[in-house]
>>> print(open('model_23.cif').read())   # mmCIF, C-alpha atoms
data_run
loop_
_atom_site.group_PDB
_atom_site.id
_atom_site.type_symbol
_atom_site.label_atom_id
_atom_site.label_comp_id
_atom_site.auth_asym_id
_atom_site.auth_seq_id
_atom_site.Cartn_x
_atom_site.Cartn_y
_atom_site.Cartn_z
ATOM 1 C CA MET A 1 49.242 -141.188 -100.296
ATOM 2 C CA PRO A 2 46.016 -142.374 -101.970
ATOM 3 C CA LYS A 3 42.687 -140.756 -101.057
ATOM 4 C CA LEU A 4 39.390 -142.064 -99.694
ATOM 5 C CA LYS A 5 36.867 -140.258 -101.902
ATOM 6 C CA CYS A 6 33.651 -140.747 -99.956
ATOM 7 C CA ILE A 7 31.588 -143.263 -98.014
ATOM 8 C CA LEU A 8 29.950 -145.675 -100.438
ATOM 9 C CA GLU A 9 28.135 -147.960 -97.984
ATOM 10 C CA THR A 10 26.825 -147.402 -94.464
ATOM 11 C CA ALA A 11 25.672 -150.400 -92.419
ATOM 12 C CA LEU A 12 23.120 -150.928 -89.680
ATOM 13 C CA TYR A 13 22.218 -154.194 -87.975
ATOM 14 C CA VAL A 14 18.657 -155.106 -87.099
ATOM 15 C CA LYS A 15 16.980 -157.717 -84.927
ATOM 16 C CA ASN A 16 14.179 -158.431 -87.396
ATOM 17 C CA LEU A 17 14.494 -158.047 -91.175
ATOM 18 C CA PRO A 18 10.777 -158.080 -92.090
ATOM 19 C CA ALA A 19 10.081 -155.320 -89.539
ATOM 20 C CA ALA A 20 13.059 -153.376 -90.902
ATOM 21 C CA GLU A 21 11.840 -153.787 -94.483
ATOM 22 C CA LYS A 22 8.414 -152.457 -93.588
ATOM 23 C CA PHE A 23 9.984 -149.466 -91.849
ATOM 24 C CA TYR A 24 12.696 -148.529 -94.345
ATOM 25 C CA SER A 25 10.596 -149.265 -97.463
ATOM 26 C CA GLN A 26 7.176 -148.096 -96.421
ATOM 27 C CA VAL A 27 7.701 -145.524 -93.689
ATOM 28 C CA LEU A 28 10.983 -143.967 -94.852
ATOM 29 C CA GLY A 29 10.191 -144.648 -98.515
ATOM 30 C CA LEU A 30 13.664 -145.825 -99.532
ATOM 31 C CA PRO A 31 14.014 -147.772 -102.808
ATOM 32 C CA LEU A 32 15.228 -151.344 -102.261
ATOM 33 C CA LEU A 33 18.429 -152.173 -104.149
ATOM 34 C CA ALA A 34 18.975 -155.795 -103.130
ATOM 35 C CA LYS A 35 17.589 -158.322 -100.682
ATOM 36 C CA GLN A 36 18.672 -161.707 -99.368
ATOM 37 C CA LYS A 37 16.128 -163.369 -97.128
ATOM 38 C CA GLY A 38 17.431 -163.867 -93.609
ATOM 39 C CA ARG A 39 20.631 -161.914 -94.323
ATOM 40 C CA HIS A 40 20.216 -158.399 -95.678
ATOM 41 C CA LEU A 41 18.280 -155.526 -97.205
ATOM 42 C CA PHE A 42 20.188 -152.959 -99.244
ATOM 43 C CA TYR A 43 18.696 -149.555 -99.979
ATOM 44 C CA TRP A 44 19.482 -146.513 -102.082
ATOM 45 C CA VAL A 45 19.562 -143.235 -100.175
ATOM 46 C CA GLY A 46 19.985 -140.849 -103.091
ATOM 47 C CA ARG A 47 23.595 -141.353 -104.251
ATOM 48 C CA ASP A 48 24.427 -143.438 -101.145
ATOM 49 C CA VAL A 49 23.831 -147.060 -100.165
ATOM 50 C CA LEU A 50 22.450 -148.233 -96.813
ATOM 51 C CA LEU A 51 23.140 -151.871 -95.926
ATOM 52 C CA ILE A 52 20.876 -153.437 -93.325
ATOM 53 C CA PHE A 53 22.101 -156.763 -92.012
ATOM 54 C CA TYR A 54 20.943 -159.491 -89.675
ATOM 55 C CA ALA A 55 24.076 -159.905 -87.557
ATOM 56 C CA PRO A 56 23.568 -163.539 -86.441
ATOM 57 C CA LYS A 57 23.850 -164.404 -90.155
ATOM 58 C CA THR A 58 26.677 -162.054 -91.228
ATOM 59 C CA LEU A 59 28.772 -163.028 -88.197
ATOM 60 C CA LYS A 60 28.966 -166.475 -89.824
ATOM 61 C CA ASP A 61 30.423 -165.162 -93.117
ATOM 62 C CA LYS A 62 33.530 -167.234 -93.865
ATOM 63 C CA THR A 63 36.092 -164.677 -94.970
ATOM 64 C CA THR A 64 34.660 -161.349 -93.808
ATOM 65 C CA PRO A 65 32.406 -161.850 -90.769
ATOM 66 C CA HIS A 66 30.847 -158.713 -89.293
ATOM 67 C CA GLY A 67 27.812 -157.845 -87.215
ATOM 68 C CA ALA A 68 27.127 -155.482 -84.346
ATOM 69 C CA LYS A 69 24.655 -155.639 -81.491
ATOM 70 C CA GLY A 70 22.961 -152.706 -79.833
ATOM 71 C CA PRO A 71 21.682 -149.395 -81.163
ATOM 72 C CA GLY A 72 23.751 -147.978 -84.032
ATOM 73 C CA HIS A 73 23.393 -144.517 -85.517
ATOM 74 C CA LEU A 74 23.276 -142.682 -88.810
ATOM 75 C CA ALA A 75 22.069 -139.353 -90.084
ATOM 76 C CA PHE A 76 20.130 -138.658 -93.271
ATOM 77 C CA GLU A 77 20.298 -135.256 -94.921
ATOM 78 C CA VAL A 78 17.110 -133.611 -96.172
ATOM 79 C CA SER A 79 16.339 -130.222 -97.733
ATOM 80 C CA GLN A 80 15.226 -127.338 -95.490
ATOM 81 C CA LYS A 81 11.772 -127.631 -97.017
ATOM 82 C CA ASP A 82 11.503 -131.378 -96.429
ATOM 83 C CA TYR A 83 12.704 -131.115 -92.820
ATOM 84 C CA GLY A 84 9.401 -129.660 -91.635
ATOM 85 C CA LEU A 85 7.498 -132.166 -93.742
ATOM 86 C CA TRP A 86 9.428 -135.057 -92.147
ATOM 87 C CA LYS A 87 8.487 -133.888 -88.657
ATOM 88 C CA LYS A 88 4.800 -133.982 -89.547
ATOM 89 C CA TYR A 89 5.106 -137.162 -91.617
ATOM 90 C CA LEU A 90 6.882 -139.162 -88.885
ATOM 91 C CA THR A 91 4.388 -138.090 -86.241
ATOM 92 C CA LYS A 92 1.504 -138.980 -88.548
ATOM 93 C CA ASN A 93 3.086 -142.413 -89.076
ATOM 94 C CA ARG A 94 3.449 -142.945 -85.326
ATOM 95 C CA VAL A 95 7.222 -142.689 -85.319
ATOM 96 C CA LYS A 96 8.148 -140.937 -82.086
ATOM 97 C CA ILE A 97 10.578 -138.036 -82.394
ATOM 98 C CA VAL A 98 12.765 -138.495 -79.325
ATOM 99 C CA GLU A 99 14.620 -135.214 -79.634
ATOM 100 C CA GLU A 100 14.971 -132.139 -81.803
ATOM 101 C CA VAL A 101 18.247 -130.251 -81.726
ATOM 102 C CA ILE A 102 18.602 -126.688 -82.965
ATOM 103 C CA TRP A 103 22.287 -126.247 -83.775
ATOM 104 C CA LYS A 104 24.272 -123.009 -83.535
ATOM 105 C CA LYS A 105 22.288 -121.263 -86.250
ATOM 106 C CA PRO A 106 18.502 -121.713 -86.280
ATOM 107 C CA ASN A 107 18.416 -123.085 -89.812
ATOM 108 C CA PHE A 108 20.486 -126.120 -88.831
ATOM 109 C CA ARG A 109 18.233 -128.620 -87.155
ATOM 110 C CA SER A 110 18.055 -132.349 -86.443
ATOM 111 C CA ILE A 111 15.356 -134.721 -85.336
ATOM 112 C CA TYR A 112 16.120 -138.077 -83.763
ATOM 113 C CA PHE A 113 13.959 -141.180 -83.855
ATOM 114 C CA ARG A 114 14.423 -144.963 -83.773
ATOM 115 C CA ASP A 115 13.917 -147.806 -86.211
ATOM 116 C CA PRO A 116 12.029 -150.926 -85.005
ATOM 117 C CA SER A 117 15.331 -152.445 -83.767
ATOM 118 C CA GLY A 118 16.243 -149.376 -81.735
ATOM 119 C CA ASN A 119 18.849 -147.884 -84.069
ATOM 120 C CA LEU A 120 19.052 -144.127 -83.523
ATOM 121 C CA LEU A 121 18.254 -142.338 -86.782
ATOM 122 C CA GLU A 122 18.658 -138.637 -87.409
ATOM 123 C CA ILE A 123 17.231 -136.378 -90.088
ATOM 124 C CA ALA A 124 19.270 -133.197 -90.478
ATOM 125 C CA THR A 125 19.236 -130.116 -92.649
ATOM 126 C CA PRO A 126 22.141 -129.350 -95.014
ATOM 127 C CA GLY A 127 25.182 -127.424 -93.917
ATOM 128 C CA ILE A 128 25.495 -128.525 -90.305
ATOM 129 C CA TRP A 129 29.080 -129.653 -90.561
ATOM 130 C CA GLU A 130 30.296 -126.938 -92.877
ATOM 131 C CA LYS A 131 29.393 -124.387 -90.226
ATOM 132 C CA ILE A 132 31.330 -126.121 -87.484
ATOM 133 C CA LYS A 133 34.438 -126.644 -89.637
ATOM 134 C CA MET B 1 6.080 -137.742 -99.222
ATOM 135 C CA PRO B 2 9.325 -135.977 -98.264
ATOM 136 C CA LYS B 3 12.664 -137.350 -99.488
ATOM 137 C CA LEU B 4 15.842 -138.512 -97.759
ATOM 138 C CA LYS B 5 18.531 -136.839 -99.878
ATOM 139 C CA CYS B 6 21.634 -138.753 -98.831
ATOM 140 C CA ILE B 7 23.501 -140.165 -95.852
ATOM 141 C CA LEU B 8 25.156 -137.338 -93.953
ATOM 142 C CA GLU B 9 26.771 -139.292 -91.103
ATOM 143 C CA THR B 10 27.935 -142.889 -90.813
ATOM 144 C CA ALA B 11 28.878 -144.271 -87.393
ATOM 145 C CA LEU B 12 31.282 -146.911 -86.160
ATOM 146 C CA TYR B 13 31.983 -147.898 -82.557
ATOM 147 C CA VAL B 14 35.460 -148.666 -81.308
ATOM 148 C CA LYS B 15 36.944 -150.258 -78.214
ATOM 149 C CA ASN B 16 39.816 -147.809 -77.946
ATOM 150 C CA LEU B 17 39.696 -144.205 -79.156
ATOM 151 C CA PRO B 18 43.451 -143.443 -79.152
ATOM 152 C CA ALA B 19 44.122 -146.563 -81.247
ATOM 153 C CA ALA B 20 41.298 -145.555 -83.584
ATOM 154 C CA GLU B 21 42.675 -142.018 -83.896
ATOM 155 C CA LYS B 22 46.090 -143.312 -84.837
ATOM 156 C CA PHE B 23 44.568 -145.612 -87.442
ATOM 157 C CA TYR B 24 42.003 -143.278 -89.031
ATOM 158 C CA SER B 25 44.206 -140.159 -88.897
ATOM 159 C CA GLN B 26 47.620 -141.561 -89.644
ATOM 160 C CA VAL B 27 47.066 -144.761 -91.586
ATOM 161 C CA LEU B 28 43.899 -143.858 -93.513
ATOM 162 C CA GLY B 29 44.848 -140.162 -93.621
ATOM 163 C CA LEU B 30 41.378 -138.790 -92.859
ATOM 164 C CA PRO B 31 41.099 -135.160 -91.699
ATOM 165 C CA LEU B 32 39.743 -134.839 -88.152
ATOM 166 C CA LEU B 33 36.604 -132.706 -87.914
ATOM 167 C CA ALA B 34 35.869 -132.882 -84.175
ATOM 168 C CA LYS B 35 37.049 -134.768 -81.120
ATOM 169 C CA GLN B 36 35.783 -135.250 -77.574
ATOM 170 C CA LYS B 37 38.138 -137.164 -75.343
ATOM 171 C CA GLY B 38 36.665 -140.445 -74.161
ATOM 172 C CA ARG B 39 33.576 -140.058 -76.365
ATOM 173 C CA HIS B 40 34.193 -139.534 -80.057
ATOM 174 C CA LEU B 41 36.303 -138.754 -83.101
ATOM 175 C CA PHE B 42 34.584 -137.257 -86.152
ATOM 176 C CA TYR B 43 36.243 -137.345 -89.565
ATOM 177 C CA TRP B 44 35.659 -135.941 -93.010
ATOM 178 C CA VAL B 45 35.617 -138.516 -95.800
ATOM 179 C CA GLY B 46 35.409 -136.201 -98.777
ATOM 180 C CA ARG B 47 31.842 -134.824 -98.730
ATOM 181 C CA ASP B 48 30.785 -137.332 -96.032
ATOM 182 C CA VAL B 49 31.211 -137.515 -92.260
ATOM 183 C CA LEU B 50 32.384 -140.571 -90.321
ATOM 184 C CA LEU B 51 31.517 -140.612 -86.616
ATOM 185 C CA ILE B 52 33.604 -142.888 -84.421
ATOM 186 C CA PHE B 53 32.183 -143.389 -80.943
ATOM 187 C CA TYR B 54 33.140 -145.099 -77.713
ATOM 188 C CA ALA B 55 29.897 -146.961 -76.993
ATOM 189 C CA PRO B 56 30.217 -147.264 -73.179
ATOM 190 C CA LYS B 57 30.075 -143.451 -73.169
ATOM 191 C CA THR B 58 27.386 -142.811 -75.823
ATOM 192 C CA LEU B 59 25.118 -145.468 -74.313
ATOM 193 C CA LYS B 60 24.887 -143.102 -71.328
ATOM 194 C CA ASP B 61 23.637 -140.142 -73.401
ATOM 195 C CA LYS B 62 20.501 -138.843 -71.683
ATOM 196 C CA THR B 63 18.074 -138.221 -74.526
ATOM 197 C CA THR B 64 19.572 -140.145 -77.451
ATOM 198 C CA PRO B 65 21.663 -143.083 -76.193
ATOM 199 C CA HIS B 66 23.255 -145.286 -78.844
ATOM 200 C CA GLY B 67 26.235 -147.599 -79.100
ATOM 201 C CA ALA B 68 26.866 -150.953 -80.734
ATOM 202 C CA LYS B 69 29.189 -153.797 -79.837
ATOM 203 C CA GLY B 70 30.915 -156.128 -82.264
ATOM 204 C CA PRO B 71 32.386 -155.599 -85.720
ATOM 205 C CA GLY B 72 30.492 -153.046 -87.809
ATOM 206 C CA HIS B 73 31.048 -152.378 -91.494
ATOM 207 C CA LEU B 74 31.386 -149.571 -94.001
ATOM 208 C CA ALA B 75 32.781 -149.114 -97.487
ATOM 209 C CA PHE B 76 34.891 -146.241 -98.763
ATOM 210 C CA GLU B 77 34.924 -145.383 -102.444
ATOM 211 C CA VAL B 78 38.227 -144.655 -104.185
ATOM 212 C CA SER B 79 39.201 -143.908 -107.768
ATOM 213 C CA GLN B 80 40.319 -146.766 -110.052
ATOM 214 C CA LYS B 81 43.822 -145.349 -109.940
ATOM 215 C CA ASP B 82 43.927 -145.110 -106.146
ATOM 216 C CA TYR B 83 42.562 -148.628 -105.675
ATOM 217 C CA GLY B 84 45.867 -150.233 -106.675
ATOM 218 C CA LEU B 85 47.771 -147.699 -104.610
ATOM 219 C CA TRP B 86 45.667 -148.538 -101.526
ATOM 220 C CA LYS B 87 46.491 -152.234 -101.846
ATOM 221 C CA LYS B 88 50.204 -151.468 -101.786
ATOM 222 C CA TYR B 89 49.868 -148.756 -99.156
ATOM 223 C CA LEU B 90 47.897 -150.900 -96.674
ATOM 224 C CA THR B 91 50.302 -153.816 -97.032
ATOM 225 C CA LYS B 92 53.257 -151.454 -96.539
ATOM 226 C CA ASN B 93 51.566 -150.139 -93.384
ATOM 227 C CA ARG B 94 51.028 -153.667 -92.068
ATOM 228 C CA VAL B 95 47.248 -153.589 -92.489
ATOM 229 C CA LYS B 96 46.255 -157.093 -93.527
ATOM 230 C CA ILE B 97 43.940 -157.337 -96.530
ATOM 231 C CA VAL B 98 41.599 -160.153 -95.502
ATOM 232 C CA GLU B 99 39.885 -160.516 -98.870
ATOM 233 C CA GLU B 100 39.759 -159.062 -102.359
ATOM 234 C CA VAL B 101 36.548 -159.442 -104.342
ATOM 235 C CA ILE B 102 36.399 -159.007 -108.112
ATOM 236 C CA TRP B 103 32.772 -158.188 -108.885
ATOM 237 C CA LYS B 104 30.910 -159.058 -112.090
ATOM 238 C CA LYS B 105 33.092 -156.868 -114.285
ATOM 239 C CA PRO B 106 36.850 -156.889 -113.650
ATOM 240 C CA ASN B 107 37.052 -153.145 -113.077
ATOM 241 C CA PHE B 108 34.812 -153.357 -110.026
ATOM 242 C CA ARG B 109 36.886 -154.521 -107.121
ATOM 243 C CA SER B 110 36.885 -154.390 -103.317
ATOM 244 C CA ILE B 111 39.440 -155.031 -100.638
ATOM 245 C CA TYR B 112 38.474 -155.791 -97.062
ATOM 246 C CA PHE B 113 40.523 -155.088 -93.945
ATOM 247 C CA ARG B 114 39.921 -154.318 -90.273
ATOM 248 C CA ASP B 115 40.430 -151.331 -88.019
ATOM 249 C CA PRO B 116 42.139 -151.879 -84.632
ATOM 250 C CA SER B 117 38.736 -152.633 -83.019
ATOM 251 C CA GLY B 118 37.835 -155.261 -85.595
ATOM 252 C CA ASN B 119 35.393 -153.221 -87.691
ATOM 253 C CA LEU B 120 35.316 -154.573 -91.244
ATOM 254 C CA LEU B 121 36.325 -151.821 -93.661
ATOM 255 C CA GLU B 122 36.095 -152.009 -97.434
ATOM 256 C CA ILE B 123 37.717 -149.967 -100.156
ATOM 257 C CA ALA B 124 35.821 -150.218 -103.426
ATOM 258 C CA THR B 125 36.067 -148.789 -106.910
ATOM 259 C CA PRO B 126 33.299 -146.547 -108.317
ATOM 260 C CA GLY B 127 30.270 -147.925 -110.101
ATOM 261 C CA ILE B 128 29.777 -151.193 -108.245
ATOM 262 C CA TRP B 129 26.157 -150.577 -107.377
ATOM 263 C CA GLU B 130 25.148 -148.878 -110.601
ATOM 264 C CA LYS B 131 26.062 -152.061 -112.471
ATOM 265 C CA ILE B 132 23.949 -154.304 -110.241
ATOM 266 C CA LYS B 133 20.912 -152.000 -110.310
#
>>> encode(input="model_23.cif", output="structure tokens")
Amino acid sequence: MPKLKCILETALYVKNLPAAEKFYSQVLGLPLLAKQKGRHLFYWVGRDVLLIFYAPKTLKDKTTPHGAKGPGHLAFEVSQKDYGLWKKYLTKNRVKIVEEVIWKKPNFRSIYFRDPSGNLLEIATPGIWEKIK
Amino acid sequence: MPKLKCILETALYVKNLPAAEKFYSQVLGLPLLAKQKGRHLFYWVGRDVLLIFYAPKTLKDKTTPHGAKGPGHLAFEVSQKDYGLWKKYLTKNRVKIVEEVIWKKPNFRSIYFRDPSGNLLEIATPGIWEKIK
């Protein structure tokens, strides 16, 4: 059977696009890839693409409606070196870290925080899943 | 400022975990990475990780509750060769292709279909975003 190679696009839904743009562009520093006022913001995350939609709009799409309500989740991967920097950087930018998890080995760590719409975001160090496999 | 390297985990929420397991394991052929009855199914998608949650459960998480309702979205990337095979394979497995989009250049194509919970899934050929950049 044919193979699914990787995940090309990950989607989150937000309550307010301008607030999301400020957060994802300015606080998280992601480069904007595309934007449609009142509908979406698309970002590069390294090789990956993050789609941020306004669900009341995308639920009205004719052929392929979609749109979720409530806090979604995704995890970003960062280098071991950047992990510590992110902790300081988020705190400095008044983004509350709601939890830090130290996984089975001390070098595998995650911090959790929320975007302005309440989506649960995670920043994790490389290798977490390989070790559980 | 520190960098976000890539997206490590992408999440979808489903109404029924056994139906989702049948679909993602058997129809899409993804290898299961972890499973917690009544809460989640985690899958490998090549280098990436897809988290499938039952929101009524994860919304009760103590420190990091999350969980969305309504049709979410993600896109899988496949090779040019596998793209045609997926179209045939999904139809053969009674998964309805709701739309096919031919992007600006004919070699960039997407098909859209739904999982048993109504999440809008996409299978796309490589290079779509690079060409729009």
>>> calpha_fit_and_write(input="model_23.cif", fixed="chain B", moving="chain A", output="mmCIF file with C-alpha atoms, keeping the file's coordinate frame")
data_model
loop_
_atom_site.group_PDB
_atom_site.id
_atom_site.type_symbol
_atom_site.label_atom_id
_atom_site.label_comp_id
_atom_site.auth_asym_id
_atom_site.auth_seq_id
_atom_site.Cartn_x
_atom_site.Cartn_y
_atom_site.Cartn_z
ATOM 1 C CA MET A 1 6.068 -137.764 -99.209
ATOM 2 C CA PRO A 2 9.322 -135.989 -98.271
ATOM 3 C CA LYS A 3 12.663 -137.361 -99.491
ATOM 4 C CA LEU A 4 15.842 -138.521 -97.762
ATOM 5 C CA LYS A 5 18.531 -136.864 -99.890
ATOM 6 C CA CYS A 6 21.632 -138.771 -98.834
ATOM 7 C CA ILE A 7 23.507 -140.181 -95.859
ATOM 8 C CA LEU A 8 25.165 -137.345 -93.966
ATOM 9 C CA GLU A 9 26.777 -139.297 -91.114
ATOM 10 C CA THR A 10 27.942 -142.899 -90.822
ATOM 11 C CA ALA A 11 28.885 -144.269 -87.397
ATOM 12 C CA LEU A 12 31.286 -146.915 -86.161
ATOM 13 C CA TYR A 13 31.985 -147.886 -82.561
ATOM 14 C CA VAL A 14 35.464 -148.669 -81.313
ATOM 15 C CA LYS A 15 36.940 -150.268 -78.213
ATOM 16 C CA ASN A 16 39.824 -147.808 -77.929
ATOM 17 C CA LEU A 17 39.700 -144.199 -79.150
ATOM 18 C CA PRO A 18 43.451 -143.438 -79.145
ATOM 19 C CA ALA A 19 44.131 -146.562 -81.240
ATOM 20 C CA ALA A 20 41.294 -145.555 -83.574
ATOM 21 C CA GLU A 21 42.662 -142.019 -83.904
ATOM 22 C CA LYS A 22 46.090 -143.313 -84.843
ATOM 23 C CA PHE A 23 44.554 -145.613 -87.448
ATOM 24 C CA TYR A 24 41.998 -143.288 -89.037
ATOM 25 C CA SER A 25 44.212 -140.165 -88.908
ATOM 26 C CA GLN A 26 47.621 -141.566 -89.658
ATOM 27 C CA VAL A 27 47.066 -144.779 -91.587
ATOM 28 C CA LEU A 28 43.902 -143.870 -93.514
ATOM 29 C CA GLY A 29 44.837 -140.179 -93.619
ATOM 30 C CA LEU A 30 41.374 -138.798 -92.858
ATOM 31 C CA PRO A 31 41.104 -135.161 -91.699
ATOM 32 C CA LEU A 32 39.733 -134.857 -88.155
ATOM 33 C CA LEU A 33 36.594 -132.715 -87.912
ATOM 34 C CA ALA A 34 35.867 -132.884 -84.184
ATOM 35 C CA LYS A 35 37.042 -134.760 -81.118
ATOM 36 C CA GLN A 36 35.773 -135.249 -77.582
ATOM 37 C CA LYS A 37 38.146 -137.158 -75.350
ATOM 38 C CA GLY A 38 36.663 -140.428 -74.152
ATOM 39 C CA ARG A 39 33.575 -140.047 -76.362
ATOM 40 C CA HIS A 40 34.184 -139.521 -80.065
ATOM 41 C CA LEU A 41 36.295 -138.743 -83.110
ATOM 42 C CA PHE A 42 34.581 -137.254 -86.149
ATOM 43 C CA TYR A 43 36.232 -137.349 -89.558
ATOM 44 C CA TRP A 44 35.659 -135.945 -93.021
ATOM 45 C CA VAL A 45 35.613 -138.528 -95.799
ATOM 46 C CA GLY A 46 35.416 -136.200 -98.786
ATOM 47 C CA ARG A 47 31.847 -134.824 -98.719
ATOM 48 C CA ASP A 48 30.794 -137.357 -96.043
ATOM 49 C CA VAL A 49 31.208 -137.531 -92.270
ATOM 50 C CA LEU A 50 32.387 -140.588 -90.325
ATOM 51 C CA LEU A 51 31.521 -140.619 -86.617
ATOM 52 C CA ILE A 52 33.601 -142.890 -84.413
ATOM 53 C CA PHE A 53 32.193 -143.386 -80.941
ATOM 54 C CA TYR A 54 33.138 -145.101 -77.714
ATOM 55 C CA ALA A 55 29.897 -146.957 -76.991
ATOM 56 C CA PRO A 56 30.216 -147.257 -73.181
ATOM 57 C CA LYS A 57 30.075 -143.436 -73.169
ATOM 58 C CA THR A 58 27.391 -142.807 -75.827
ATOM 59 C CA LEU A 59 25.122 -145.467 -74.309
ATOM 60 C CA LYS A 60 24.875 -143.110 -71.317
ATOM 61 C CA ASP A 61 23.623 -140.138 -73.389
ATOM 62 C CA LYS A 62 20.479 -138.835 -71.680
ATOM 63 C CA THR A 63 18.068 -138.230 -74.535
ATOM 64 C CA THR A 64 19.568 -140.154 -77.455
ATOM 65 C CA PRO A 65 21.658 -143.087 -76.193
ATOM 66 C CA HIS A 66 23.263 -145.279 -78.852
ATOM 67 C CA GLY A 67 26.229 -147.609 -79.098
ATOM 68 C CA ALA A 68 26.868 -150.954 -80.737
ATOM 69 C CA LYS A 69 29.197 -153.793 -79.840
ATOM 70 C CA GLY A 70 30.920 -156.122 -82.254
ATOM 71 C CA PRO A 71 32.383 -155.608 -85.713
ATOM 72 C CA GLY A 72 30.504 -153.050 -87.822
ATOM 73 C CA HIS A 73 31.060 -152.384 -91.504
ATOM 74 C CA LEU A 74 31.398 -149.586 -94.011
ATOM 75 C CA ALA A 75 32.787 -149.128 -97.479
ATOM 76 C CA PHE A 76 34.897 -146.249 -98.766
ATOM 77 C CA GLU A 77 34.933 -145.390 -102.452
ATOM 78 C CA VAL A 78 38.235 -144.654 -104.181
ATOM 79 C CA SER A 79 39.204 -143.913 -107.791
ATOM 80 C CA GLN A 80 40.319 -146.780 -110.055
ATOM 81 C CA LYS A 81 43.826 -145.355 -109.944
ATOM 82 C CA ASP A 82 43.927 -145.107 -106.151
ATOM 83 C CA TYR A 83 42.571 -148.637 -105.670
ATOM 84 C CA GLY A 84 45.867 -150.237 -106.672
ATOM 85 C CA LEU A 85 47.771 -147.698 -104.605
ATOM 86 C CA TRP A 86 45.662 -148.540 -101.527
ATOM 87 C CA LYS A 87 46.483 -152.234 -101.854
ATOM 88 C CA LYS A 88 50.201 -151.483 -101.786
ATOM 89 C CA TYR A 89 49.873 -148.749 -99.157
ATOM 90 C CA LEU A 90 47.898 -150.902 -96.691
ATOM 91 C CA THR A 91 50.305 -153.808 -97.037
ATOM 92 C CA LYS A 92 53.258 -151.470 -96.542
ATOM 93 C CA ASN A 93 51.575 -150.135 -93.387
ATOM 94 C CA ARG A 94 51.018 -153.658 -92.061
ATOM 95 C CA VAL A 95 47.261 -153.581 -92.485
ATOM 96 C CA LYS A 96 46.252 -157.086 -93.524
ATOM 97 C CA ILE A 97 43.949 -157.339 -96.532
ATOM 98 C CA VAL A 98 41.606 -160.147 -95.512
ATOM 99 C CA GLU A 99 39.892 -160.505 -98.864
ATOM 100 C CA GLU A 100 39.757 -159.060 -102.354
ATOM 101 C CA VAL A 101 36.554 -159.433 -104.330
ATOM 102 C CA ILE A 102 36.391 -159.003 -108.090
ATOM 103 C CA TRP A 103 32.766 -158.175 -108.871
ATOM 104 C CA LYS A 104 30.895 -159.053 -112.066
ATOM 105 C CA LYS A 105 33.067 -156.869 -114.272
ATOM 106 C CA PRO A 106 36.831 -156.880 -113.663
ATOM 107 C CA ASN A 107 37.029 -153.137 -113.099
ATOM 108 C CA PHE A 108 34.804 -153.343 -110.023
ATOM 109 C CA ARG A 109 36.881 -154.505 -107.113
ATOM 110 C CA SER A 110 36.887 -154.378 -103.314
ATOM 111 C CA ILE A 111 39.440 -155.031 -100.633
ATOM 112 C CA TYR A 112 38.479 -155.791 -97.053
ATOM 113 C CA PHE A 113 40.524 -155.093 -93.949
ATOM 114 C CA ARG A 114 39.916 -154.317 -90.266
ATOM 115 C CA ASP A 115 40.428 -151.329 -88.009
ATOM 116 C CA PRO A 116 42.140 -151.882 -84.615
ATOM 117 C CA SER A 117 38.729 -152.629 -83.017
ATOM 118 C CA GLY A 118 37.839 -155.256 -85.603
ATOM 119 C CA ASN A 119 35.402 -153.216 -87.692
ATOM 120 C CA LEU A 120 35.315 -154.574 -91.242
ATOM 121 C CA LEU A 121 36.330 -151.825 -93.665
ATOM 122 C CA GLU A 122 36.094 -152.020 -97.428
ATOM 123 C CA ILE A 123 37.728 -149.964 -100.152
ATOM 124 C CA ALA A 124 35.830 -150.214 -103.433
ATOM 125 C CA THR A 125 36.080 -148.783 -106.911
ATOM 126 C CA PRO A 126 33.319 -146.541 -108.314
ATOM 127 C CA GLY A 127 30.304 -147.924 -110.091
ATOM 128 C CA ILE A 128 29.782 -151.188 -108.238
ATOM 129 C CA TRP A 129 26.174 -150.555 -107.363
ATOM 130 C CA GLU A 130 25.169 -148.856 -110.575
ATOM 131 C CA LYS A 131 26.043 -152.038 -112.435
ATOM 132 C CA ILE A 132 23.917 -154.254 -110.233
ATOM 133 C CA LYS A 133 20.895 -151.925 -110.342
#
>>> residues_around(input="model_23.cif", residues="Asn93 in chain B", least_positions_apart="2", cutoff="12 Å", atoms="all atoms listed in the file", output="ChimeraX atom specification")
/A:1 /B:23,26-28,86-91,95-97
>>> closest_residue(input="model_23.cif", among="B:Glu130, B:Asp115, B:Glu100, B:Glu77", to="chain A", atoms="all atoms listed in the file")
B:Glu77
>>> residues_around(input="model_23.cif", residues="Lys37 in chain A", least_positions_apart="5", cutoff="12 Å", atoms="all atoms listed in the file", output="number ranges by chain")
A: 16-18, 21, 42, 52-54, 57
>>> axis_aligned_box(input="model_23.cif", around="range 41-52 of chain B", padding_each_side="5 Å", output="JSON")
{"center_x": 33.5, "center_y": -138.9, "center_z": -90.9, "size_x": 15.5, "size_y": 18.1, "size_z": 25.7}
>>> closest_residue(input="model_23.cif", among="A:Ser117, A:Asn107, A:Thr58, A:Gln80", to="His40 in chain A", atoms="all atoms listed in the file")
A:Thr58
